[in-house]
Amino acid sequence: MREAFRIPGRPAWGYGALCGVAIGVLLLAGTFTGHIQEGSAAALGAYLTAFADDPAMPYGRRARRLLRNTLFVTLGTGLGTLVAADPWIAVPVIGLVAAAGAQWPVIGLPPTLALILSYFQGQVSYGAVVHMELAAAGGLWITAIVLLAWPVRRLRPLRASLEAAGVALADLLDAAEFQPDAGNAEAERDWEERRKAAEEVLAEARTAVAHYTAVEREEEDDDDPGPGRMLDALTRIFHETVALHILRDGVTGLTDRRDWVEDLDTATGAQAKALREAMTEDSALAVPRALACAAKFADRVQAIRRSTLSGDEPLAVSALLGQVRRCLDRIGLAVRSAALISAEGVAVGPRLPRFTPRPGGRRRHGQRMEHYAARLAVVTVAAIVLAEVSHEQYAKWFVVTVVANLRPTFGDTVERLLFPVLGTAVGATAASFMLALTPGHVTLALVITGLAVVGYALGTLSFNWWTVFATPLGLLLADYALPLSWNAAVWRVGFAVAGGVAVVGAARLLWPRGERVRMSGRVAALLDQHARLVRALVEQQRTDVTERVEEAAESARRLDESLERLAKEPGGAVPRALRDTVEHAARIRADALALYAVPAPVPGEEDQAGPTAAVLDAVADRLSGAADAVRTGDSEGIPDDLDQAMDTLATHVEELTAQRLDELAEGAAEEWTAIRYAYMHAASAHPALEDLVANAGRLSRAATSEEAALA
């Protein structure tokens, strides 16, 4: 319970006050003018319209969603008033609207709630048309209120998204200081958590930048490139930090020297501080120290190189530390770019919001909705029939509790059910208590306003807190014109609890248990995407590799979401092997980024990687073979020559080491010969390749294991 109600940040009290006052003004206006029903209808329309709002969205998208929701709520309100006289027509109509809202997210839940509440309200004295006009007026009113600050705050969501990405990357840079020794399990877990968090917020920032640059502008040439340049800098920081982590592990496995560790930790810490200040304070003051610390580490690497040339350290230590230095330099330059862009101010040219969707934009549906719409329609119809049989005017509390809390999975339904029921009980009881002390609609309007302020302020941080306030808010608004005595409060709470019991029973009986049948497709797609990523490393084309990394990460996210849905099915349990596939895939992406940072064996000839390319092709073959094995159910998979390729690579590295030592003996230490280039590439790539091969083997075994196949 403590975790469920934890508030991870500062509540948006300004936004809560804006929405609460907007709703309260409509209630008080209706009360003071003697039009209580009309005021409550407009306030309910405003409340249901605000369901679609999210202050973290770009203003153009918010405007479209709010106006679209105003239209749907208005239509739902009018339809409910029209069918109120004939339950035989109303019951199937409400079921169909509920199914449509579940099937098409663009419609959503608010029109269904508007239809149900207006149906139970019955015929109104001012007619269906006026009822629709009141709902529309309320929707337009709150749309205008929440978008009022558009001219000065329209870029706030974009900047907040970029800031979150920058802070997460600074945390990732800090994680380097927590691993002075290879094999530190606690530090590895911390690193994996931070890497995953950085990857997620960077994906969110990428979405935000794409939306602003494609929706907020009208002409391509007029767009300020600041957001895109900032995103590029942050992406480079992420890639190079992941590569640095892998290469650092390689160095610690070759030498007992630790004098370079302190300098590296100081440099990464300084760069993390500079990046954090740049993103949170728009300051570039910490950048010079970060660059100076990187220069100090470069001096340390040069000193170690002299030791290797004299034979005091293995030759590979110098090659790997040289690559670590290059990663650190690239991170420093990217941090500098991000700081300068942030200090200048990330901006997009001022324009009015566009009300058409982004051309060619892809729709993401999130949770799978197969059969959910049909199940929701069946349960909604059953709930309305039971409410009609009871002949109770407060029975709509039962129906709304059922419809508002059914989720596409059994686990989500049960997990989120307690909070709206609890909120309904608290809201109805609090309103009754306040009215007992100071009776009247003014008191009730103030109670509703207070609930709205707190609900909208906390709802930006916690869905559970939002559900506590959302259900009682809607129902108190719907019953605003009715008396609210202690007896009525008891009936309302009782119906809400009964609705909760009905939701659990319906979800247990009807909700799907079919996520397992999709597992093989998800796992095979993950293997295929990571195989394509590994193949893209052979060509070393920046665009191809970065795109493949994003596609591979997306396939892992889809599998992870599917596993979460599997865990929430009745009796669902996720095999450990499938969880392992997600973890091993993340390590393969990290290895790929490390290899991407390794210089080519011959400048300008990135495709001439010799045994390295052979190993990468063999790894890709193993992953592709595992994907085919998952699809066909053949646990043996397809044979590959990965072991032979690794043996060839090891021999190649030994030969290059001997040739390079011969060059050193001949006095060619400072000359950039072909052997030096080839050795630097092979020595730098070898640890990452070994790690990649090991993780590819773990991923293939986990994906094709008997435990995973049973899922």
# chains A, B, ... in the order shown; residues from 1 in each chain; ligands from 1

$ select_by_dssp --residues "region 96-323 of chain A" --states "alpha helix (DSSP H)" --output "number ranges by chain"
A: 96-103, 110-121, 127-146, 150-153, 156-174, 185-211, 226-252, 259-281, 287-309, 315-323

$ residues_around --residues "region 382-396 of chain A" --least-positions-apart "6" --cutoff "7 Å" --atoms "only C-alpha atoms" --output "list in words"
Val91, Phe120, Trp491, Arg492 and Phe495 of chain A

$ write_last_selection --atoms "N, CA, C and O atoms" --output "CSV table (one decimal), in the first residue's frame"
chain,number,residue,atom,x,y,z
A,91,VAL,N,-29.8,-0.5,-23.2
A,91,VAL,CA,-28.8,-1.6,-22.7
A,91,VAL,C,-27.9,-2.0,-23.9
A,91,VAL,O,-26.6,-2.0,-23.7
A,120,PHE,N,-28.9,7.3,-16.8
A,120,PHE,CA,-29.5,7.2,-15.5
A,120,PHE,C,-30.1,8.4,-14.9
A,120,PHE,O,-30.9,8.4,-14.1
A,491,TRP,N,-25.8,4.0,0.6
A,491,TRP,CA,-26.2,3.3,-0.6
A,491,TRP,C,-25.2,3.4,-1.7
A,491,TRP,O,-24.8,2.4,-2.4
A,492,ARG,N,-24.6,4.6,-1.8
A,492,ARG,CA,-23.6,4.8,-2.9
A,492,ARG,C,-22.4,4.0,-2.6
A,492,ARG,O,-21.8,3.4,-3.5
A,495,PHE,N,-23.1,0.3,-3.3
A,495,PHE,CA,-23.1,0.0,-4.7
A,495,PHE,C,-21.7,0.0,-5.3
A,495,PHE,O,-21.4,-0.8,-6.2

$ residues_around --residues "region 201-203 of chain A" --least-positions-apart "5" --cutoff "12 Å" --atoms "only C-alpha atoms" --output "number ranges by chain"
A: 160-169, 194-196, 208-210, 230-239, 549-551, 553-554, 557

$ residues_around --residues "Arg587 (chain A)" --least-positions-apart "4" --cutoff "12 Å" --atoms "only C-alpha atoms" --output "JSON, numbers by chain"
{"A": [188, 189, 191, 192, 195, 196, 242, 243, 245, 246, 530, 549, 552, 553, 556, 580, 581, 582, 583, 591, 592, 593, 594, 688, 689, 691, 692, 693, 694, 695, 696, 697, 698, 699]}

$ atom_distance --atom1 "CA of Ser555 (chain A)" --atom2 "CA of Leu526 (chain A)"
5.1 Å

$ residues_around --residues "Ala17 (chain A)" --least-positions-apart "6" --cutoff "12 Å" --atoms "only C-alpha atoms" --output "PDB file with C-alpha atoms, in the first residue's frame"
ATOM      1  CA  PRO A  11       2.407  17.402  -7.158  1.00  0.00           C
ATOM      2  CA  ILE A  23     -15.119  22.718 -12.587  1.00  0.00           C
ATOM      3  CA  GLY A  24     -16.092  24.534  -9.383  1.00  0.00           C
ATOM      4  CA  VAL A  25     -16.894  27.770 -11.235  1.00  0.00           C
ATOM      5  CA  ILE A 145      -8.545  27.019 -19.355  1.00  0.00           C
ATOM      6  CA  VAL A 146      -5.840  24.341 -19.518  1.00  0.00           C
ATOM      7  CA  THR A 449     -13.650  21.555  -6.165  1.00  0.00           C
ATOM      8  CA  GLY A 450     -11.274  20.470  -3.398  1.00  0.00           C
ATOM      9  CA  LEU A 451     -11.380  16.847  -4.533  1.00  0.00           C
ATOM     10  CA  ALA A 452     -10.700  17.950  -8.110  1.00  0.00           C
ATOM     11  CA  VAL A 453      -7.735  20.123  -7.104  1.00  0.00           C
ATOM     12  CA  VAL A 454      -6.075  17.310  -5.158  1.00  0.00           C
ATOM     13  CA  GLY A 455      -7.008  14.646  -7.701  1.00  0.00           C
ATOM     14  CA  TYR A 456      -5.645  16.469 -10.735  1.00  0.00           C
ATOM     15  CA  ALA A 457      -2.514  17.597  -8.860  1.00  0.00           C
ATOM     16  CA  LEU A 458      -1.624  14.060  -7.717  1.00  0.00           C
TER      17      LEU A 458
END

$ decode --residues "region 610-625 of chain A" --atoms "N, CA, C and O atoms" --output "mmCIF file, in the first residue's frame"
data_model
loop_
_atom_site.group_PDB
_atom_site.id
_atom_site.type_symbol
_atom_site.label_atom_id
_atom_site.label_comp_id
_atom_site.auth_asym_id
_atom_site.auth_seq_id
_atom_site.Cartn_x
_atom_site.Cartn_y
_atom_site.Cartn_z
ATOM 1 N N GLY A 610 38.173 -8.342 -41.273
ATOM 2 C CA GLY A 610 38.792 -9.648 -41.170
ATOM 3 C C GLY A 610 38.046 -10.600 -40.262
ATOM 4 O O GLY A 610 36.828 -10.772 -40.379
ATOM 5 N N PRO A 611 38.761 -11.236 -39.316
ATOM 6 C CA PRO A 611 38.123 -12.194 -38.414
ATOM 7 C C PRO A 611 37.011 -11.585 -37.568
ATOM 8 O O PRO A 611 36.091 -12.292 -37.158
ATOM 9 N N THR A 612 37.098 -10.287 -37.297
ATOM 10 C CA THR A 612 36.021 -9.641 -36.537
ATOM 11 C C THR A 612 34.695 -9.775 -37.271
ATOM 12 O O THR A 612 33.663 -10.118 -36.675
ATOM 13 N N ALA A 613 34.701 -9.506 -38.562
ATOM 14 C CA ALA A 613 33.475 -9.638 -39.354
ATOM 15 C C ALA A 613 32.990 -11.081 -39.363
ATOM 16 O O ALA A 613 31.780 -11.340 -39.308
ATOM 17 N N ALA A 614 33.918 -12.028 -39.414
ATOM 18 C CA ALA A 614 33.524 -13.438 -39.413
ATOM 19 C C ALA A 614 32.837 -13.808 -38.103
ATOM 20 O O ALA A 614 31.838 -14.540 -38.091
ATOM 21 N N VAL A 615 33.360 -13.299 -36.985
ATOM 22 C CA VAL A 615 32.725 -13.572 -35.688
ATOM 23 C C VAL A 615 31.344 -12.937 -35.626
ATOM 24 O O VAL A 615 30.369 -13.556 -35.161
ATOM 25 N N LEU A 616 31.240 -11.701 -36.095
ATOM 26 C CA LEU A 616 29.936 -11.032 -36.062
ATOM 27 C C LEU A 616 28.915 -11.782 -36.916
ATOM 28 O O LEU A 616 27.754 -11.956 -36.508
ATOM 29 N N ASP A 617 29.322 -12.212 -38.093
ATOM 30 C CA ASP A 617 28.412 -12.988 -38.937
ATOM 31 C C ASP A 617 28.000 -14.289 -38.243
ATOM 32 O O ASP A 617 26.835 -14.706 -38.320
ATOM 33 N N ALA A 618 28.963 -14.930 -37.579
ATOM 34 C CA ALA A 618 28.639 -16.183 -36.889
ATOM 35 C C ALA A 618 27.693 -15.943 -35.724
ATOM 36 O O ALA A 618 26.783 -16.754 -35.467
ATOM 37 N N VAL A 619 27.882 -14.838 -34.982
ATOM 38 C CA VAL A 619 26.950 -14.500 -33.893
ATOM 39 C C VAL A 619 25.556 -14.257 -34.453
ATOM 40 O O VAL A 619 24.552 -14.736 -33.905
ATOM 41 N N ALA A 620 25.479 -13.500 -35.555
ATOM 42 C CA ALA A 620 24.175 -13.252 -36.170
ATOM 43 C C ALA A 620 23.533 -14.555 -36.627
ATOM 44 O O ALA A 620 22.321 -14.751 -36.481
ATOM 45 N N ASP A 621 24.345 -15.471 -37.183
ATOM 46 C CA ASP A 621 23.805 -16.771 -37.596
ATOM 47 C C ASP A 621 23.256 -17.539 -36.402
ATOM 48 O O ASP A 621 22.208 -18.199 -36.501
ATOM 49 N N ARG A 622 23.978 -17.477 -35.274
ATOM 50 C CA ARG A 622 23.494 -18.195 -34.099
ATOM 51 C C ARG A 622 22.170 -17.624 -33.614
ATOM 52 O O ARG A 622 21.257 -18.371 -33.258
ATOM 53 N N LEU A 623 22.045 -16.308 -33.583
ATOM 54 C CA LEU A 623 20.789 -15.691 -33.144
ATOM 55 C C LEU A 623 19.667 -15.991 -34.124
ATOM 56 O O LEU A 623 18.528 -16.279 -33.712
ATOM 57 N N SER A 624 19.945 -15.920 -35.425
ATOM 58 C CA SER A 624 18.920 -16.255 -36.419
ATOM 59 C C SER A 624 18.515 -17.714 -36.311
ATOM 60 O O SER A 624 17.331 -18.056 -36.436
ATOM 61 N N GLY A 625 19.499 -18.592 -36.083
ATOM 62 C CA GLY A 625 19.181 -20.002 -35.912
ATOM 63 C C GLY A 625 18.321 -20.242 -34.683
ATOM 64 O O GLY A 625 17.395 -21.067 -34.711
#
